[in-house]
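Listing of target14.txt, compact mmCIF, C-alpha atoms and all ligand atoms
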# COMPACT_ATOMS: atom_id res chain seq x y z
CA MET A 1 8.47 -3.21 -27.11
CA GLN A 2 11.87 -2.76 -28.72
CA ILE A 3 14.80 -3.52 -26.39
CA THR A 4 18.00 -1.77 -27.46
CA GLY A 5 21.39 -1.00 -25.95
CA GLN A 6 19.85 2.12 -24.42
CA THR A 7 16.79 0.55 -22.82
CA LYS A 8 16.61 1.36 -19.11
CA ILE A 9 15.76 -1.42 -16.69
CA VAL A 10 13.39 -1.26 -13.74
CA GLY A 11 11.81 -4.21 -11.98
CA ILE A 12 10.75 -6.01 -8.83
CA ILE A 13 12.45 -8.41 -6.42
CA GLY A 14 10.67 -10.94 -4.24
CA ASP A 15 10.55 -14.58 -3.23
CA PRO A 16 8.29 -15.91 -4.71
CA ILE A 17 7.83 -13.49 -7.61
CA LYS A 18 6.08 -15.34 -10.41
CA HIS A 19 2.57 -14.29 -9.22
CA SER A 20 3.43 -10.58 -9.18
CA ARG A 21 1.18 -8.46 -11.40
CA SER A 22 3.58 -5.50 -11.28
CA PRO A 23 5.32 -6.37 -14.61
CA GLN A 24 2.00 -6.21 -16.51
CA ILE A 25 0.99 -2.94 -14.80
CA HIS A 26 4.31 -1.15 -15.31
CA ASN A 27 5.00 -2.43 -18.82
CA ALA A 28 1.50 -1.27 -19.84
CA ALA A 29 2.38 2.25 -18.62
CA ILE A 30 5.77 2.13 -20.39
CA ALA A 31 4.05 1.09 -23.63
CA ALA A 32 1.34 3.75 -23.29
CA LEU A 33 4.01 6.44 -22.90
CA GLY A 34 6.38 4.97 -25.52
CA LEU A 35 9.31 5.10 -23.06
CA ASP A 36 12.53 3.16 -23.63
CA TYR A 37 12.22 1.20 -20.37
CA VAL A 38 11.46 -2.40 -19.49
CA TYR A 39 10.12 -3.72 -16.15
CA VAL A 40 11.45 -7.17 -15.21
CA PRO A 41 10.57 -9.52 -12.32
CA PHE A 42 13.65 -10.91 -10.47
CA HIS A 43 13.38 -13.93 -8.21
CA VAL A 44 15.81 -13.13 -5.38
CA GLN A 45 16.08 -15.49 -2.42
CA PRO A 46 16.92 -13.98 0.99
CA ASP A 47 20.53 -15.21 1.01
CA ASN A 48 21.17 -13.51 -2.33
CA LEU A 49 19.70 -10.10 -1.49
CA GLY A 50 23.03 -8.31 -0.94
CA ALA A 51 24.55 -9.78 -4.10
CA ALA A 52 21.46 -8.82 -6.11
CA ILE A 53 21.63 -5.21 -4.90
CA GLU A 54 25.34 -5.00 -5.76
CA GLY A 55 24.58 -6.48 -9.19
CA PHE A 56 21.84 -3.93 -9.84
CA LYS A 57 24.28 -1.14 -8.95
CA ALA A 58 26.90 -2.61 -11.28
CA ILE A 59 24.54 -2.66 -14.27
CA ASN A 60 23.14 0.85 -13.66
CA LEU A 61 19.63 -0.33 -13.09
CA VAL A 62 17.22 2.59 -12.56
CA GLY A 63 14.84 1.33 -9.90
CA ILE A 64 13.37 -1.67 -8.17
CA ASN A 65 10.14 -2.50 -6.36
CA VAL A 66 10.62 -4.65 -3.30
CA THR A 67 8.11 -7.22 -2.14
CA ILE A 68 7.91 -10.03 0.41
CA PRO A 69 10.22 -11.10 2.08
CA HIS A 70 12.68 -8.24 1.45
CA LYS A 71 10.79 -5.11 2.54
CA GLN A 72 12.65 -4.88 5.87
CA SER A 73 15.84 -6.81 5.18
CA VAL A 74 16.73 -4.53 2.25
CA MET A 75 17.03 -1.50 4.55
CA PRO A 76 20.65 -2.02 5.72
CA HIS A 77 21.74 -2.07 2.05
CA LEU A 78 20.51 1.48 1.39
CA ASN A 79 22.24 4.87 1.62
CA GLU A 80 19.13 6.87 2.38
CA ILE A 81 15.61 5.96 3.54
CA SER A 82 12.61 8.32 3.44
CA ARG A 83 10.93 9.37 6.69
CA GLU A 84 7.69 7.63 5.67
CA ALA A 85 9.52 4.35 4.98
CA ILE A 86 11.31 4.58 8.33
CA LEU A 87 8.01 5.16 10.15
CA ILE A 88 6.32 2.34 8.24
CA GLY A 89 9.36 0.14 8.89
CA ALA A 90 9.40 -1.16 5.32
CA VAL A 91 10.70 -0.13 1.90
CA ASN A 92 8.88 -1.02 -1.32
CA THR A 93 10.75 1.14 -3.85
CA LEU A 94 14.46 1.61 -4.53
CA ILE A 95 15.87 4.42 -6.63
CA PHE A 96 19.44 3.93 -7.90
CA ASN A 97 20.97 7.37 -8.07
CA GLU A 98 24.60 7.22 -9.28
CA GLU A 99 26.39 5.55 -6.33
CA GLU A 100 23.50 6.02 -3.89
CA ILE A 101 20.48 3.80 -3.31
CA ILE A 102 17.42 5.53 -1.90
CA GLY A 103 14.60 3.56 -0.26
CA GLU A 104 11.02 4.78 -0.16
CA ASN A 105 7.58 3.41 0.62
CA THR A 106 4.83 4.34 -1.84
CA ASP A 107 1.98 2.55 -0.02
CA ALA A 108 1.15 5.58 2.16
CA PRO A 109 1.12 8.17 -0.68
CA GLY A 110 -0.65 5.63 -2.95
CA PHE A 111 -3.38 5.22 -0.32
CA LEU A 112 -3.87 9.02 -0.19
CA GLN A 113 -3.61 9.55 -3.96
CA ALA A 114 -6.40 7.00 -4.57
CA MET A 115 -8.63 8.94 -2.16
CA ARG A 116 -7.90 12.21 -3.96
CA GLU A 117 -8.61 10.58 -7.32
CA ALA A 118 -11.99 9.43 -5.99
CA GLY A 119 -12.77 12.99 -4.82
CA LEU A 120 -12.63 12.02 -1.13
CA GLU A 121 -10.86 14.06 1.53
CA VAL A 122 -8.83 12.94 4.50
CA PRO A 123 -10.50 14.31 7.66
CA GLN A 124 -7.80 16.78 8.68
CA GLY A 125 -8.10 17.51 12.39
CA GLY A 126 -10.71 14.71 12.63
CA SER A 127 -10.68 11.05 13.56
CA ALA A 128 -10.38 7.71 11.78
CA VAL A 129 -10.72 4.03 12.61
CA VAL A 130 -8.28 1.56 11.05
CA ILE A 131 -9.31 -2.10 11.22
CA GLY A 132 -6.31 -4.46 11.27
CA ALA A 133 -2.79 -4.01 12.62
CA GLY A 134 -0.58 -5.71 10.01
CA GLY A 135 1.92 -4.25 7.55
CA SER A 136 -0.63 -2.35 5.49
CA ALA A 137 -2.33 -0.90 8.59
CA ARG A 138 1.01 0.58 9.56
CA ALA A 139 1.29 2.33 6.19
CA VAL A 140 -2.31 3.58 6.44
CA VAL A 141 -1.83 4.94 9.98
CA VAL A 142 1.38 6.72 8.94
CA ALA A 143 -0.40 8.18 5.86
CA LEU A 144 -3.35 9.45 7.89
CA SER A 145 -1.15 10.86 10.67
CA LEU A 146 1.09 12.76 8.26
CA ALA A 147 -2.01 13.99 6.35
CA GLY A 148 -3.38 15.67 9.49
CA VAL A 149 -5.80 13.19 11.12
CA ARG A 150 -5.71 13.92 14.86
CA THR A 151 -7.14 10.76 16.45
CA ILE A 152 -6.82 7.20 15.16
CA PHE A 153 -8.29 4.02 16.64
CA ILE A 154 -6.58 0.82 15.49
CA ALA A 155 -9.01 -2.07 16.00
CA ASN A 156 -7.58 -5.55 15.59
CA ARG A 157 -8.52 -9.17 16.30
CA THR A 158 -5.25 -9.59 18.26
CA VAL A 159 -5.44 -6.66 20.69
CA SER A 160 -1.75 -6.78 21.63
CA ARG A 161 -0.74 -6.04 18.00
CA ALA A 162 -3.07 -3.04 17.86
CA VAL A 163 -1.74 -1.69 21.17
CA ALA A 164 1.90 -2.22 20.16
CA LEU A 165 1.38 -0.46 16.82
CA ALA A 166 -0.52 2.43 18.42
CA GLU A 167 2.14 2.96 21.09
CA ASN A 168 5.00 2.73 18.65
CA LEU A 169 3.55 5.19 16.14
CA SER A 170 1.94 7.72 18.50
CA GLU A 171 5.30 8.14 20.21
CA LYS A 172 7.04 8.80 16.87
CA ILE A 173 4.38 10.90 15.12
CA GLY A 174 2.74 12.80 17.97
CA VAL A 175 -0.85 11.88 16.99
CA SER A 176 -3.34 10.30 19.45
CA ILE A 177 -3.46 6.65 18.40
CA TYR A 178 -5.32 4.01 20.42
CA GLY A 179 -5.09 0.23 19.99
CA ILE A 180 -8.27 -1.71 20.82
CA GLY A 181 -9.84 -5.12 20.14
CA LEU A 182 -12.66 -5.74 17.68
CA ASP A 183 -14.90 -6.56 20.67
CA ASP A 184 -14.00 -3.40 22.60
CA PRO A 185 -17.10 -1.50 23.78
CA LYS A 186 -15.46 1.74 22.59
CA LEU A 187 -15.45 0.58 18.95
CA PRO A 188 -19.11 1.33 18.01
CA ASN A 189 -18.76 4.93 19.19
CA ALA A 190 -15.34 5.31 17.53
CA VAL A 191 -16.82 4.10 14.22
CA GLY A 192 -19.91 6.29 14.59
CA THR A 193 -17.96 9.47 15.33
CA SER A 194 -15.12 9.02 12.83
CA GLN A 195 -15.28 10.55 9.37
CA LEU A 196 -13.13 7.77 7.88
CA ILE A 197 -13.16 4.00 8.47
CA VAL A 198 -10.38 2.00 6.78
CA ASN A 199 -10.34 -1.77 6.61
CA THR A 200 -6.91 -3.40 6.23
CA ALA A 201 -7.85 -6.83 7.66
CA SER A 202 -7.46 -9.60 5.10
CA ALA A 203 -10.70 -11.19 6.41
CA SER A 204 -12.43 -8.94 3.84
CA MET A 205 -11.05 -11.19 1.09
CA GLU A 206 -13.29 -14.02 2.24
CA VAL A 207 -16.83 -13.27 1.09
CA ALA A 208 -18.31 -15.69 3.65
CA HIS A 209 -16.44 -14.12 6.61
CA PRO A 210 -18.69 -12.22 9.06
CA LEU A 211 -18.18 -8.44 8.91
CA LEU A 212 -15.72 -7.19 11.53
CA ILE A 213 -17.86 -4.16 12.38
CA ASP A 214 -21.63 -3.77 12.51
CA PRO A 215 -22.70 -1.56 9.55
CA ALA A 216 -25.37 -0.05 11.84
CA TRP A 217 -22.52 1.78 13.64
CA LEU A 218 -21.59 3.66 10.47
CA GLU A 219 -22.75 7.23 10.15
CA PRO A 220 -24.14 7.99 6.68
CA GLN A 221 -21.80 10.37 4.78
CA SER A 222 -18.70 8.93 6.45
CA ILE A 223 -16.05 7.39 4.18
CA VAL A 224 -15.47 3.63 4.22
CA TYR A 225 -12.21 2.61 2.53
CA ASP A 226 -11.44 -1.11 2.15
CA ILE A 227 -7.86 -1.53 0.89
CA VAL A 228 -8.54 -5.20 0.06
CA TYR A 229 -8.82 -5.46 -3.73
CA THR A 230 -9.97 -9.05 -4.23
CA PRO A 231 -12.92 -8.83 -4.53
CA PRO A 232 -12.91 -5.21 -5.80
CA GLU A 233 -16.14 -4.48 -3.89
CA THR A 234 -16.00 -6.25 -0.54
CA ARG A 235 -19.03 -7.06 1.62
CA LEU A 236 -18.03 -4.24 3.96
CA LEU A 237 -18.23 -1.78 1.05
CA GLN A 238 -21.60 -3.16 -0.06
CA ALA A 239 -22.96 -2.72 3.47
CA ALA A 240 -21.50 0.79 3.68
CA VAL A 241 -23.19 1.80 0.40
CA GLU A 242 -26.50 0.62 1.87
CA ARG A 243 -25.84 2.85 4.92
CA GLY A 244 -25.33 5.85 2.64
CA CYS A 245 -21.55 6.10 3.15
CA HIS A 246 -18.97 7.13 0.55
CA THR A 247 -16.92 4.08 -0.37
CA ILE A 248 -13.60 3.29 -2.00
CA GLY A 249 -11.95 -0.09 -2.71
CA GLY A 250 -8.28 -1.12 -2.80
CA LEU A 251 -7.56 -1.19 -6.55
CA GLY A 252 -6.83 2.53 -6.71
CA MET A 253 -4.24 2.27 -3.93
CA LEU A 254 -2.59 -0.68 -5.67
CA VAL A 255 -2.32 1.21 -8.96
CA HIS A 256 -1.21 4.52 -7.45
CA GLN A 257 1.52 3.02 -5.23
CA GLY A 258 2.96 1.63 -8.48
CA ALA A 259 2.39 4.89 -10.35
CA ILE A 260 4.27 6.88 -7.70
CA ALA A 261 7.27 4.53 -7.96
CA PHE A 262 7.10 4.82 -11.76
CA GLU A 263 7.25 8.61 -11.55
CA LYS A 264 10.28 8.47 -9.24
CA TRP A 265 12.16 6.38 -11.82
CA THR A 266 11.06 8.03 -15.07
CA GLY A 267 10.02 11.56 -14.02
CA VAL A 268 6.57 10.97 -15.58
CA TYR A 269 3.33 10.21 -13.73
CA PRO A 270 1.98 7.31 -15.79
CA PRO A 271 -1.51 6.95 -17.26
CA VAL A 272 -3.21 5.13 -14.39
CA GLU A 273 -6.09 4.00 -16.60
CA ALA A 274 -3.66 1.92 -18.71
CA MET A 275 -2.25 0.44 -15.49
CA ARG A 276 -5.73 -0.29 -14.15
CA GLN A 277 -6.72 -2.08 -17.37
CA ALA A 278 -3.52 -4.14 -17.31
CA LEU A 279 -4.23 -5.10 -13.70
CA GLN A 280 -7.77 -6.10 -14.62
CA GLY A 281 -6.36 -8.19 -17.49
CA ALA A 282 -3.93 -9.87 -15.07
CA PHE A 283 -6.82 -10.69 -12.69
CA ASP A 284 -8.92 -12.06 -15.56
CA GLN A 285 -6.08 -14.42 -16.58
CA LYS A 286 -6.08 -16.10 -13.11
N1 LIG A 301 -4.70 -1.98 -2.01
C1 LIG A 301 -3.40 -2.15 -1.80
O1 LIG A 301 -2.54 -1.56 -2.47
C2 LIG A 301 -2.96 -3.05 -0.68
C3 LIG A 301 -1.67 -2.91 -0.13
C4 LIG A 301 -1.27 -3.77 0.90
C5 LIG A 301 -2.15 -4.76 1.35
N2 LIG A 301 -3.38 -4.87 0.78
C6 LIG A 301 -4.32 -5.90 1.27
O2 LIG A 301 -4.55 -5.68 2.65
C7 LIG A 301 -4.74 -6.92 3.32
C8 LIG A 301 -3.81 -6.98 4.53
O3 LIG A 301 -2.47 -6.95 4.12
P1 LIG A 301 -1.29 -6.87 5.21
O4 LIG A 301 -0.02 -6.82 4.46
O5 LIG A 301 -1.58 -5.81 6.23
O6 LIG A 301 -1.43 -8.30 5.92
P2 LIG A 301 -0.90 -8.77 7.35
O7 LIG A 301 0.29 -7.97 7.76
O8 LIG A 301 -0.82 -10.24 7.29
O9 LIG A 301 -2.13 -8.37 8.38
C9 LIG A 301 -3.38 -9.00 8.27
C10 LIG A 301 -4.38 -8.31 9.20
O10 LIG A 301 -5.68 -8.90 8.98
C11 LIG A 301 -6.19 -9.37 10.23
N3 LIG A 301 -7.00 -10.57 10.00
C12 LIG A 301 -6.68 -11.62 9.19
N4 LIG A 301 -7.68 -12.55 9.24
C13 LIG A 301 -8.61 -12.06 10.10
C14 LIG A 301 -9.88 -12.56 10.57
N5 LIG A 301 -10.36 -13.74 10.16
N6 LIG A 301 -10.58 -11.79 11.44
C15 LIG A 301 -10.11 -10.59 11.85
N7 LIG A 301 -8.92 -10.07 11.46
C16 LIG A 301 -8.19 -10.80 10.58
C17 LIG A 301 -4.96 -9.68 11.07
O11 LIG A 301 -5.33 -9.70 12.43
P3 LIG A 301 -4.39 -10.44 13.54
O12 LIG A 301 -3.30 -9.46 13.88
O13 LIG A 301 -5.31 -10.71 14.66
O14 LIG A 301 -3.85 -11.69 12.87
C18 LIG A 301 -4.05 -8.49 10.68
O15 LIG A 301 -4.43 -7.34 11.39
C19 LIG A 301 -4.50 -8.01 2.26
O16 LIG A 301 -5.74 -8.45 1.79
C20 LIG A 301 -3.72 -7.30 1.18
O17 LIG A 301 -3.94 -7.86 -0.11
C21 LIG A 301 -3.82 -4.03 -0.20
Using the file provided, produce a representation of the structure as structure tokens.
Ligand SMILES: NC(=O)c1ccc[n+]([C@@H]2O[C@H](COP(=O)([O-])OP(=O)(O)OC[C@H]3O[C@@H](n4cnc5c(N)ncnc54)[C@H](OP(=O)(O)O)[C@@H]3O)[C@@H](O)[C@H]2O)c1
Amino acid sequence: MQITGQTKIVGIIGDPIKHSRSPQIHNAAIAALGLDYVYVPFHVQPDNLGAAIEGFKAINLVGINVTIPHKQSVMPHLNEISREAILIGAVNTLIFNEEEIIGENTDAPGFLQAMREAGLEVPQGGSAVVIGAGGSARAVVVALSLAGVRTIFIANRTVSRAVALAENLSEKIGVSIYGIGLDDPKLPNAVGTSQLIVNTASASMEVAHPLLIDPAWLEPQSIVYDIVYTPPETRLLQAAVERGCHTIGGLGMLVHQGAIAFEKWTGVYPPVEAMRQALQGAFDQK
């Protein structure tokens, strides 16, 4: 990589930031395309967020990814925020456009793009179950609602979070969304009659953790999507394969949410295979 006076800068802000794998993923795409860009991680503490944004504007930076803890607090600093990001309540991508800063959230389109890449279709007019009610569940529910799913059950360990998320989003999006507990007697039937089951609960990261749903509830041919990417094939996905379901893990979503941001900054959809390999290399280094 040759940095010159014309090299354009993109990057990521967060606190902490040193564990982010985004620099490897994006710089691999930049190298594969031979673009005159560089992707840099910036450690920005909460008190310095406003100053950092002003500084980025002053140096004509092209774009920034935003990670924890700035995904909400960055919003008042922006001139325009996409509808998806407003519904999700978080911004993960900034585009610096002359004097304007536009905020977007690429998690929802990244989630959908990974499904398309795997040849799987969102059940338009059908129903889905989303397990978990945290930040990523919010992005998934928004993605599915805007993609045409009619009924969504959010099943979460803490019922009140599922109910609050369902009420908040169904009011704004006009889709039937129900919040229930993982022990709710309606859950087996919801899982059995839904064409798509999405896990967003981080319990999937722990291989010894009991499964949050009984695989016997799954209808063969339904799609089971676990957005957790460590491990790449979770125990839920293994059980779903045994039931004859179509399965998809979280690595594709991770790569595509980055790829969509990359395209917004450079105008080019990057080679996702190069990004995937860089991500794999970053995992192997840990
Ligand atoms: N593939 C991707 O691109 C992508 C993107 C974003 C996130 N992720 C992954 O998705 C996972 C969740 O991220 P997040 O940002 O949504 O996290 P979060 O906001 O902290 O939410 C965590 C969710 O997991 C549930 N949970 C945690 N431990 C549990 C347990 N032992 N039993 C049952 N439920 C449990 C929580 O339930 P309570 O409400 O009851 O605590 C909550 O619903 C992480 O593993 C993250 O790496 C992947």
With all atoms listed in the file counted, collect every polymer residue having an atom within 9 Å of ligand LIG 301 (chain A); state the result as an mmCIF file with C-alpha atoms, in the frame of the given file.
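Written file, result-v3.cif:
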data_model
loop_
_atom_site.group_PDB
_atom_site.id
_atom_site.type_symbol
_atom_site.label_atom_id
_atom_site.label_comp_id
_atom_site.auth_asym_id
_atom_site.auth_seq_id
_atom_site.Cartn_x
_atom_site.Cartn_y
_atom_site.Cartn_z
ATOM 1 C CA ASP A 107 1.980 2.550 -0.020
ATOM 2 C CA GLY A 110 -0.650 5.630 -2.950
ATOM 3 C CA PHE A 111 -3.380 5.220 -0.320
ATOM 4 C CA ILE A 131 -9.310 -2.100 11.220
ATOM 5 C CA GLY A 132 -6.310 -4.460 11.270
ATOM 6 C CA ALA A 133 -2.790 -4.010 12.620
ATOM 7 C CA GLY A 134 -0.580 -5.710 10.010
ATOM 8 C CA GLY A 135 1.920 -4.250 7.550
ATOM 9 C CA SER A 136 -0.630 -2.350 5.490
ATOM 10 C CA ALA A 137 -2.330 -0.900 8.590
ATOM 11 C CA ARG A 138 1.010 0.580 9.560
ATOM 12 C CA ALA A 139 1.290 2.330 6.190
ATOM 13 C CA ALA A 155 -9.010 -2.070 16.000
ATOM 14 C CA ASN A 156 -7.580 -5.550 15.590
ATOM 15 C CA ARG A 157 -8.520 -9.170 16.300
ATOM 16 C CA THR A 158 -5.250 -9.590 18.260
ATOM 17 C CA VAL A 159 -5.440 -6.660 20.690
ATOM 18 C CA SER A 160 -1.750 -6.780 21.630
ATOM 19 C CA ARG A 161 -0.740 -6.040 18.000
ATOM 20 C CA ALA A 162 -3.070 -3.040 17.860
ATOM 21 C CA LEU A 182 -12.660 -5.740 17.680
ATOM 22 C CA ASN A 199 -10.340 -1.770 6.610
ATOM 23 C CA THR A 200 -6.910 -3.400 6.230
ATOM 24 C CA ALA A 201 -7.850 -6.830 7.660
ATOM 25 C CA SER A 202 -7.460 -9.600 5.100
ATOM 26 C CA ALA A 203 -10.700 -11.190 6.410
ATOM 27 C CA SER A 204 -12.430 -8.940 3.840
ATOM 28 C CA MET A 205 -11.050 -11.190 1.090
ATOM 29 C CA GLU A 206 -13.290 -14.020 2.240
ATOM 30 C CA HIS A 209 -16.440 -14.120 6.610
ATOM 31 C CA PRO A 210 -18.690 -12.220 9.060
ATOM 32 C CA LEU A 211 -18.180 -8.440 8.910
ATOM 33 C CA LEU A 212 -15.720 -7.190 11.530
ATOM 34 C CA ASP A 226 -11.440 -1.110 2.150
ATOM 35 C CA ILE A 227 -7.860 -1.530 0.890
ATOM 36 C CA VAL A 228 -8.540 -5.200 0.060
ATOM 37 C CA TYR A 229 -8.820 -5.460 -3.730
ATOM 38 C CA THR A 230 -9.970 -9.050 -4.230
ATOM 39 C CA GLY A 249 -11.950 -0.090 -2.710
ATOM 40 C CA GLY A 250 -8.280 -1.120 -2.800
ATOM 41 C CA LEU A 251 -7.560 -1.190 -6.550
ATOM 42 C CA GLY A 252 -6.830 2.530 -6.710
ATOM 43 C CA MET A 253 -4.240 2.270 -3.930
ATOM 44 C CA LEU A 254 -2.590 -0.680 -5.670
ATOM 45 C CA VAL A 255 -2.320 1.210 -8.960
ATOM 46 C CA HIS A 256 -1.210 4.520 -7.450
ATOM 47 C CA GLN A 257 1.520 3.020 -5.230
ATOM 48 C CA GLY A 258 2.960 1.630 -8.480
#
Which region 61-135 of chain A residues have any atom within 12 Å of an atom of region 163-181 of chain A, and for each, what is the nearest pair of atoms with distance in Å to one decimal, counting only C-alpha atoms, rows sorted by chain and number, as JSON lines?
{"residue": "A:Arg83", "atom": "CA", "partner": "A:Ile173", "partner_atom": "CA", "distance": 10.8}
{"residue": "A:Glu84", "atom": "CA", "partner": "A:Ile173", "partner_atom": "CA", "distance": 10.5}
{"residue": "A:Ile86", "atom": "CA", "partner": "A:Lys172", "partner_atom": "CA", "distance": 10.4}
{"residue": "A:Leu87", "atom": "CA", "partner": "A:Leu169", "partner_atom": "CA", "distance": 7.5}
{"residue": "A:Ile88", "atom": "CA", "partner": "A:Leu169", "partner_atom": "CA", "distance": 8.8}
{"residue": "A:Gly89", "atom": "CA", "partner": "A:Leu169", "partner_atom": "CA", "distance": 10.6}
{"residue": "A:Gln124", "atom": "CA", "partner": "A:Val175", "partner_atom": "CA", "distance": 11.9}
{"residue": "A:Gly125", "atom": "CA", "partner": "A:Val175", "partner_atom": "CA", "distance": 10.3}
{"residue": "A:Gly126", "atom": "CA", "partner": "A:Ser176", "partner_atom": "CA", "distance": 11.0}
{"residue": "A:Ser127", "atom": "CA", "partner": "A:Ser176", "partner_atom": "CA", "distance": 9.4}
{"residue": "A:Ala128", "atom": "CA", "partner": "A:Ile177", "partner_atom": "CA", "distance": 9.6}
{"residue": "A:Val129", "atom": "CA", "partner": "A:Tyr178", "partner_atom": "CA", "distance": 9.5}
{"residue": "A:Val130", "atom": "CA", "partner": "A:Gly179", "partner_atom": "CA", "distance": 9.6}
{"residue": "A:Ile131", "atom": "CA", "partner": "A:Gly181", "partner_atom": "CA", "distance": 9.4}
{"residue": "A:Gly132", "atom": "CA", "partner": "A:Gly181", "partner_atom": "CA", "distance": 9.6}
{"residue": "A:Ala133", "atom": "CA", "partner": "A:Leu165", "partner_atom": "CA", "distance": 6.9}
{"residue": "A:Gly134", "atom": "CA", "partner": "A:Leu165", "partner_atom": "CA", "distance": 8.8}
{"residue": "A:Gly135", "atom": "CA", "partner": "A:Leu165", "partner_atom": "CA", "distance": 10.0}
Correct to one decimal, the distance CA of Asn189 (chain A)-CA of Trp217 (chain A) is 7.4 Å
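Counting all atoms listed in the file and comparing A:Ala208, A:Ile53, A:Val122, A:Ile17, the residue that lies closest to Leu94 (chain A) is A:Ile53.
What separates CA of Met275 (chain A) from CA of Leu196 (chain A) is a distance of 26.8 Å.
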Asn79 (chain A): which residues within 12 Å, counting only C-alpha atoms, same-chain residues fewer than 2 positions away excluded, as a VMD selection string?
chain A and resid 74 to 77 81 to 82 94 to 104
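Pairwise distance (CA of Leu146 (chain A), CA of Thr247 (chain A)) equals 21.8 Å.
Minimum atom-to-atom distances from A:His19, A:Lys264, A:His246, A:Arg150 to Ile197 (chain A) were compared using all atoms listed in the file, and the lowest value belongs to A:His246.
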Can region 83-95 of chain A be brought up to N, CA, C and O atoms and written out as a PDB file, in the coordinates of the input?
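Output (result-v4.pdb):
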ATOM      1  N   ARG A  83      11.521   9.360   5.342  1.00  0.00           N
ATOM      2  CA  ARG A  83      10.930   9.370   6.690  1.00  0.00           C
ATOM      3  C   ARG A  83       9.718   8.435   6.742  1.00  0.00           C
ATOM      4  O   ARG A  83       9.529   7.687   7.696  1.00  0.00           O
ATOM      5  N   GLU A  84       8.888   8.480   5.692  1.00  0.00           N
ATOM      6  CA  GLU A  84       7.690   7.630   5.670  1.00  0.00           C
ATOM      7  C   GLU A  84       8.084   6.152   5.757  1.00  0.00           C
ATOM      8  O   GLU A  84       7.493   5.380   6.500  1.00  0.00           O
ATOM      9  N   ALA A  85       9.098   5.768   4.979  1.00  0.00           N
ATOM     10  CA  ALA A  85       9.520   4.350   4.980  1.00  0.00           C
ATOM     11  C   ALA A  85      10.077   3.962   6.350  1.00  0.00           C
ATOM     12  O   ALA A  85       9.833   2.849   6.827  1.00  0.00           O
ATOM     13  N   ILE A  86      10.787   4.883   6.996  1.00  0.00           N
ATOM     14  CA  ILE A  86      11.310   4.580   8.330  1.00  0.00           C
ATOM     15  C   ILE A  86      10.150   4.385   9.304  1.00  0.00           C
ATOM     16  O   ILE A  86      10.131   3.424  10.087  1.00  0.00           O
ATOM     17  N   LEU A  87       9.155   5.279   9.246  1.00  0.00           N
ATOM     18  CA  LEU A  87       8.010   5.160  10.150  1.00  0.00           C
ATOM     19  C   LEU A  87       7.229   3.866   9.871  1.00  0.00           C
ATOM     20  O   LEU A  87       6.785   3.186  10.786  1.00  0.00           O
ATOM     21  N   ILE A  88       7.069   3.549   8.597  1.00  0.00           N
ATOM     22  CA  ILE A  88       6.320   2.340   8.240  1.00  0.00           C
ATOM     23  C   ILE A  88       7.159   1.093   8.569  1.00  0.00           C
ATOM     24  O   ILE A  88       6.626   0.027   8.853  1.00  0.00           O
ATOM     25  N   GLY A  89       8.481   1.261   8.565  1.00  0.00           N
ATOM     26  CA  GLY A  89       9.360   0.140   8.890  1.00  0.00           C
ATOM     27  C   GLY A  89       9.541  -0.802   7.717  1.00  0.00           C
ATOM     28  O   GLY A  89       9.900  -1.972   7.881  1.00  0.00           O
ATOM     29  N   ALA A  90       9.277  -0.308   6.506  1.00  0.00           N
ATOM     30  CA  ALA A  90       9.400  -1.160   5.320  1.00  0.00           C
ATOM     31  C   ALA A  90       9.633  -0.276   4.093  1.00  0.00           C
ATOM     32  O   ALA A  90       9.113   0.834   4.021  1.00  0.00           O
ATOM     33  N   VAL A  91      10.395  -0.829   3.154  1.00  0.00           N
ATOM     34  CA  VAL A  91      10.700  -0.130   1.900  1.00  0.00           C
ATOM     35  C   VAL A  91      10.088  -0.934   0.765  1.00  0.00           C
ATOM     36  O   VAL A  91      10.185  -2.156   0.745  1.00  0.00           O
ATOM     37  N   ASN A  92       9.395  -0.258  -0.174  1.00  0.00           N
ATOM     38  CA  ASN A  92       8.880  -1.020  -1.320  1.00  0.00           C
ATOM     39  C   ASN A  92       9.406  -0.494  -2.660  1.00  0.00           C
ATOM     40  O   ASN A  92       9.060  -1.030  -3.706  1.00  0.00           O
ATOM     41  N   THR A  93      10.227   0.564  -2.604  1.00  0.00           N
ATOM     42  CA  THR A  93      10.750   1.140  -3.850  1.00  0.00           C
ATOM     43  C   THR A  93      12.191   1.571  -3.659  1.00  0.00           C
ATOM     44  O   THR A  93      12.492   2.279  -2.683  1.00  0.00           O
ATOM     45  N   LEU A  94      13.062   1.152  -4.564  1.00  0.00           N
ATOM     46  CA  LEU A  94      14.460   1.610  -4.530  1.00  0.00           C
ATOM     47  C   LEU A  94      14.711   2.474  -5.762  1.00  0.00           C
ATOM     48  O   LEU A  94      14.256   2.160  -6.862  1.00  0.00           O
ATOM     49  N   ILE A  95      15.464   3.556  -5.526  1.00  0.00           N
ATOM     50  CA  ILE A  95      15.870   4.420  -6.630  1.00  0.00           C
ATOM     51  C   ILE A  95      17.397   4.402  -6.651  1.00  0.00           C
ATOM     52  O   ILE A  95      18.041   4.721  -5.640  1.00  0.00           O
TER      53      ILE A  95
END
